[in-house]
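See below for the structure under consideration.
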Amino acid sequence: MSSILLSNEIVIYLFIQIVLFILLFIAFYFSISIIKNWDYEKTTTKQYKLEKTSYLVILIISFTLIVKIFLFPYFAYSLDNLSNIVPGAMCAAGIVGANEFGQINLALKILILFFIGVWLIINTLDLKAKTYPFTKKKYLFYTFIFTLCTVETLLDFLFLNGIPTTEPVMCCSTIFGVNNVGTKIPFDLSISMLLIIFYLLYLLIVFVNIQKQALLNLIVNFLFLYIGYYAVTYFFSTYVYELPTHQCPFCMLQKEYHFIGYFIWSTLFLGTFFGVASYILKVFINEELNYTYKYSLIFNTIFVFICSFYVIRFYLINGVFL
């Protein structure tokens, strides 16, 4: 067994993950019965028992999914700490790329976070309504989330157990180095064009949120997430590090940079989440929530402000751009 699995952070992470999976499995078991037999119009003893069971299952699911939200940044923190024992790694970038499961695992975790957020919103709406109109839908949605969590748990073990401790991995300077920019940025965009698209998409987000255009909001937010990732990695990150040759989306998670990466990436995720959720909720449960537009605009604005702040601050202090 790899010594990676014996590191303190990984032991804690896997223990929590296993406990959460057990709780999710218990909730999944009872969810199947609720999906098959739920009928709020009935006043039978069976329906009454289902309602009591549902309250308990909702409590288990809500608690577990909320803990998983907070577990994700701890997972990122744990990977970053592994760079101290994995040869060649300077940050989480080398750890994620250490084997074929790393990037898939990370992408799946982010996707699960999105679905967790949608489920929590649907659950809140369902509990507020007197007739619980979304009960079956939210449990069906939960079974989908549980399936993803099952795959995630398996990938966790495959990924973490496959991280080498004797062979060097690629560092972030090799993965995101300046010599590779031309091949890394999509469509061979120059940095200037990348920034123009970045700010134009943000202005478009402002417009579609004010107009409450759900479908356009979904499309534009996905584009902004895609472009935003590259803009941060290959431009804004250099101002965080104050070094033009240092381009990496992970190093900014470290203490040396005041953990600013957690704020940058979380605001981008939340802005995209609320932007996309506005359309998903409208289609899935026929509910349009005005606050999703507001929060999408707020978090995307915070994200753009933080990114721009580092550029402006560097120029005011040094009188030049990198």
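Letters for chains follow the order of the structure tokens (A, B, ...), residue numbers begin at 1 for each chain, and ligand numbers begin at 1 in the order shown.
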
Nearby residues (only C-alpha atoms) at most 12 Å from region 149-156 of chain A, same-chain spacing under 5 positions excluded, as a PyMOL selection string:
chain A and resi 4-5+10-11+13-25+28+64-65+68+72+75+79+96+99-113+115-116+142-144+161-163

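For Asn123 (chain A), the non-local neighbours within 12 Å, defined as residues at least 4 positions apart in the same chain or in other chains and counting only C-alpha atoms, are Ser54, Tyr55, Val57, Ile58, Leu59, Ile61, Ser62, Leu65, Ile116, Gly117, Val118, Trp119, Leu127, Lys128, Ala129, Tyr132, Pro133, Phe134, Thr135, Lys136, Lys137, Lys138, Tyr139, Leu140, Phe141, Tyr142, Leu281 and Ile285 of chain A.
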
DSSP says helix (DSSP H, G or I) for which residues of region 176-269 of chain A? Put them as a PyMOL selection string?
chain A and resi 178-184+186-188+191-211+214-241+251-253+255-257+260-269

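With only C-alpha atoms as the basis for measurement, A:Leu268 is the residue among A:Ile95, A:Ile34, A:Leu268, A:Ala76 that approaches Val232 (chain A) most closely.
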
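Distances to Phe114 (chain A) were evaluated for A:Leu189, A:Ala277, A:Leu200, A:Ile302 using only C-alpha atoms, and the minimum falls at A:Ala277.
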
Nearest to Leu120 (chain A), restricted to only C-alpha atoms and choosing among A:Ile69, A:Met252, A:Ala214, A:Ile227, comes out as A:Ile69

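The two atoms in question, CA of His258 (chain A) and CA of Ile298 (chain A), are spaced 22.4 Å apart.
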
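If you look at CA of Val283 (chain A) and CA of Leu215 (chain A), they are 9.9 Å away from each other.
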
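Picture a line from CA of Lys294 (chain A) to CA of Phe274 (chain A); it runs 8.5 Å.
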
Excluding same-chain residues fewer than 4 positions from Ser78 (chain A), what lies within 7 Å of it counting only C-alpha atoms, as a count of residues only?
4

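The shortest atom-to-atom distance to Tyr257 (chain A), with only C-alpha atoms taken into account, belongs to A:Ser237 out of A:Asn300, A:Ser237, A:Ser192, A:Asn37.
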
Pro164 (chain A) proximity check over A:Thr131, A:Leu216, A:Ala231, A:Val86, using only C-alpha atoms: winner is A:Val86

So that I can check the surroundings of region 44-50 of chain A, please list as a PyMOL selection string every protein, DNA and RNA residue that reaches within 10 Å of it, counting only C-alpha atoms and ignoring chain neighbours fewer than 3 positions away.
chain A and resi 30-31+33-35+37-41+53-56

Compile the contact shell of Pro244 (chain A) as a ChimeraX atom specification: residues with an atom at most 9 Å away, counting only C-alpha atoms, same-chain residues fewer than 6 positions apart removed.
/A:178,235,237-238,322
